[in-house]
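Undergrad: Here you go, one structure.
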Amino acid sequence: MKFILPLILVAATVALMAVALVGPGHARGTVGIAAGSAVSGLTPKADTPQQALANLLDDVQRRNWDRAFSLVSKTSGSDEQSFIQDWVGSNGGLRAFSSLEGFDPRPLHITDDDAQMRVRLHWTTPVGPMEDVRDFHLVREGDLWKAVWPKSQATTVPAQVIPVTYLRWDLVSGTAEDDWGSKNIDAPHVRIISMNAVDSAEGAVVMGEVVNEDTIPAFVNVNAALVDGSGSVIDDESSFDKIAHILLPKEVTPYRIDFPNLSLKKVKNVRMDVKAALVPASADPVIGVMNQKVDSDVQGKSVLHGDLFNESGQTVNIPHVIASFYDNNGKVVWVSDGYVDRALLPQSSEPFAVEIPRALAATVHNFHVVVNQYSLGRS
Amino acid sequence: MLRRRTYGAMTLAGAWMLAACFAVASFAQEIKVPALVTAGDESAISTTGSGTATFYLVGPGVSRKSEVSLGQEIPLRAQDLRNAGTYTAIVCSGTCQNAVFYVSAAKPASLAFLVHPSRVPVGQPDAVSGVAFPFDQFRNLVLRPQTIHFQLTAGNSALLSREVLSQDGVAWFRTTSGKSAGLLQVNAALESVTAKRAVQQVASDPCNLRITGQRTPEGIVVQTEPVHDCAGNPVPDGTIVTFTAAEANGKSTVDAPIKKGIARAQMAASGPVLVSAASGVVIGNELRIEAQR
């Protein structure tokens, strides 16, 4: 009798271990740590396209690169190094700090020897969860299915010298004697040039644009407070990362402030507050936004896509695109943002896409894109 | 019983004598404070009567107690009268007498001078303001009217020279900013006391923003002509100029900073392109370029 409980616990533990080993994988890898392999022989045989893709992505999640690459067809023409680089990124880009958290595969087309699968990849990143949609081509080799992984064209930058007229603002704290009024420097003068409040599926959204009217750079943040009919503040939020915080003179940035699970029906008034502070800044790098166009993506969603072109000689590790969309009257009807997961090398370009809500796609008449950038080792 | 009566009579007599002494002292005690005292100067309070008394001086930041002889002057030390304001002198000898006197600020020794803003675009009406507060050497605000001379100079030219009489310790001015970018020296002078401040006059919004462009094998290169404001001041380097190239299948934009007076950008384009430029809310000319296909 006294052995029954220990036996039950041991049996349950063994059962759970077995489930963990052979169950469909959504294991979470830790960035920079190889999570090791599953026990060989317990991985289900890749005898269907779905299973082959699941095995491949499981191994990618676990960063078990040798096993993952063994599930890639030899006809791909790709090598293991470039395969790994496709998944882990390079040059300090956002992908290098991201981890594949999960995936949702969906078959598009399957024959006896050939399959097309669409996978929604869920990434965890330092800037929040991100989704990526990728199409996989799988082929049958014997009794196994394998993925075709075309060799990606890595961005190469030729050796060159790019002259830069270095333009930078530094802040110096005065060291003069304590003379009242002698050390004041005014904060930069910034102005909200447009504001619009709308209800969206996720809640209330306040958005618009801010301009730095001064001749010095400004660190800008926009706050909004929703006020009800009695004058009480319902909620207040800031633009957080949906704004280009550092504005050079005469630069314009969109901003968006989200109020999740709140409806504007309760709101009588919106109090806006823009804060600006002096900040050291650099005018480089200059990033061009090329070939901007509103189009539909593979899922039928309206997106603004284009290419970011780094005109300077510095690597931009994490480019961040913020776009404002206008209607016929020039009113800002939406602000979208998105991070580019690959680093932007000097004199090279990377594609980007930001989504436009389906309900607003028809009203969008024009748009304005700004690029925020984060570079390692620089503020 | 007899002893008790004797003690009672003695006590009564002593009380009468003490009361008489106090009565003499209180009638004799009178104080006279100075009519005008300047901060940091020595002064004195005259008393009448005789005997000793306790003297109290209570004022801004000062509280003093001392034993004094009635009928003599009570000296007030300079260090006790440094703070301007109302002082109360109290002399107690049995009963207390008090008198109030006022210490006014000494002659101005410094000027607190606030000028706003620290940067100002040229040609802005009523954009520069300054306010001056005269203080004496003990940091007392000088409330007596003082003539303060405000002078604004940009380069070698004087923009403003104005004498203002302070009221209740304050004198101020407001004026239009100058027409040329650069340092604006703002001086406030009160006799030999001066205070200097500087305001950076900066170019206003760009005016007549004009662009030129040419095609390259990769697309087009566009640049502005030297960017000036409407008064002809060069717009500071670092100011952003947004170039927009619209073509049949989309558009490209570059936010380029002005460097050495000119903003420049290279843009991907093919076929006919309509290029425009804007800086803040100012829009420049449009340019049609036939880029290589």
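Simple scheme: letters A, B, ... for chains in structure tokens order, numbers from 1 for residues in each chain, numbers from 1 for ligands in the order shown.
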Mind listing as a PyMOL selection string which residues of chain A are within 9 Å of chain B, counting only C-alpha atoms?
TA: chain A and resi 165-168+179-182+184-186+211-217+248-252+282-284+286-294+306-307+309+311+368-371
Undergrad: Please provide the set of residues having any atom within 12 Å of segment 151-154 of chain A, restricted to only C-alpha atoms, with same-chain residues fewer than 5 positions apart removed, written as a PyMOL selection string.
TA: chain A and resi 72-87+89-91+342-345+348-350
Undergrad: May I ask which of the residues A:Met195, A:Leu53, A:Val88, A:Leu144 is the closest one to Arg118 of chain A, counting only C-alpha atoms?
TA: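 With only C-alpha atoms as the atom set, the closest residue is A:Leu53.
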Undergrad: For segment 139-148 of chain B, find every residue with an atom within 10 Å (counting only C-alpha atoms), except residues of its own chain fewer than 5 positions away, and show them as a PyMOL selection string.
TA: chain B and resi 39+82-85+104-112+132-134+162-172+187-191+193-194
Undergrad: Nearest residue to Thr176 of chain B out of B:Asp229, B:Asp126, B:Asp136, B:Glu218, using only C-alpha atoms?
TA: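 Among the listed residues, the smallest separation from Thr176 of chain B belongs to B:Asp126.
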Undergrad: Could you pull the residues within 9 Å of Ile246 of chain A, counting only C-alpha atoms, minus those fewer than 4 positions along the same chain, as a short mmCIF file (atom, residue, chain, number, x, y, z; two decimals) with C-alpha atoms, in the first residue's frame?
TA:
```
data_model
loop_
_atom_site.label_atom_id
_atom_site.label_comp_id
_atom_site.auth_asym_id
_atom_site.auth_seq_id
_atom_site.Cartn_x
_atom_site.Cartn_y
_atom_site.Cartn_z
CA PRO A 217 17.91 68.33 -31.89
CA ALA A 218 15.16 67.38 -29.50
CA PHE A 219 14.25 64.26 -27.58
CA VAL A 220 10.49 64.14 -27.93
CA VAL A 279 19.88 65.87 -26.26
CA ALA A 281 22.57 63.85 -31.47
CA ASN A 372 14.22 55.43 -36.59
#
```
Undergrad: List the spatial neighbours of segment 105-107 of chain A as a PyMOL selection string - criterion: any atom at most 10 Å away, only C-alpha atoms, same-chain residues fewer than 4 positions off excluded.
TA: chain A and resi 49-50+53-54+57+115-121+133-136
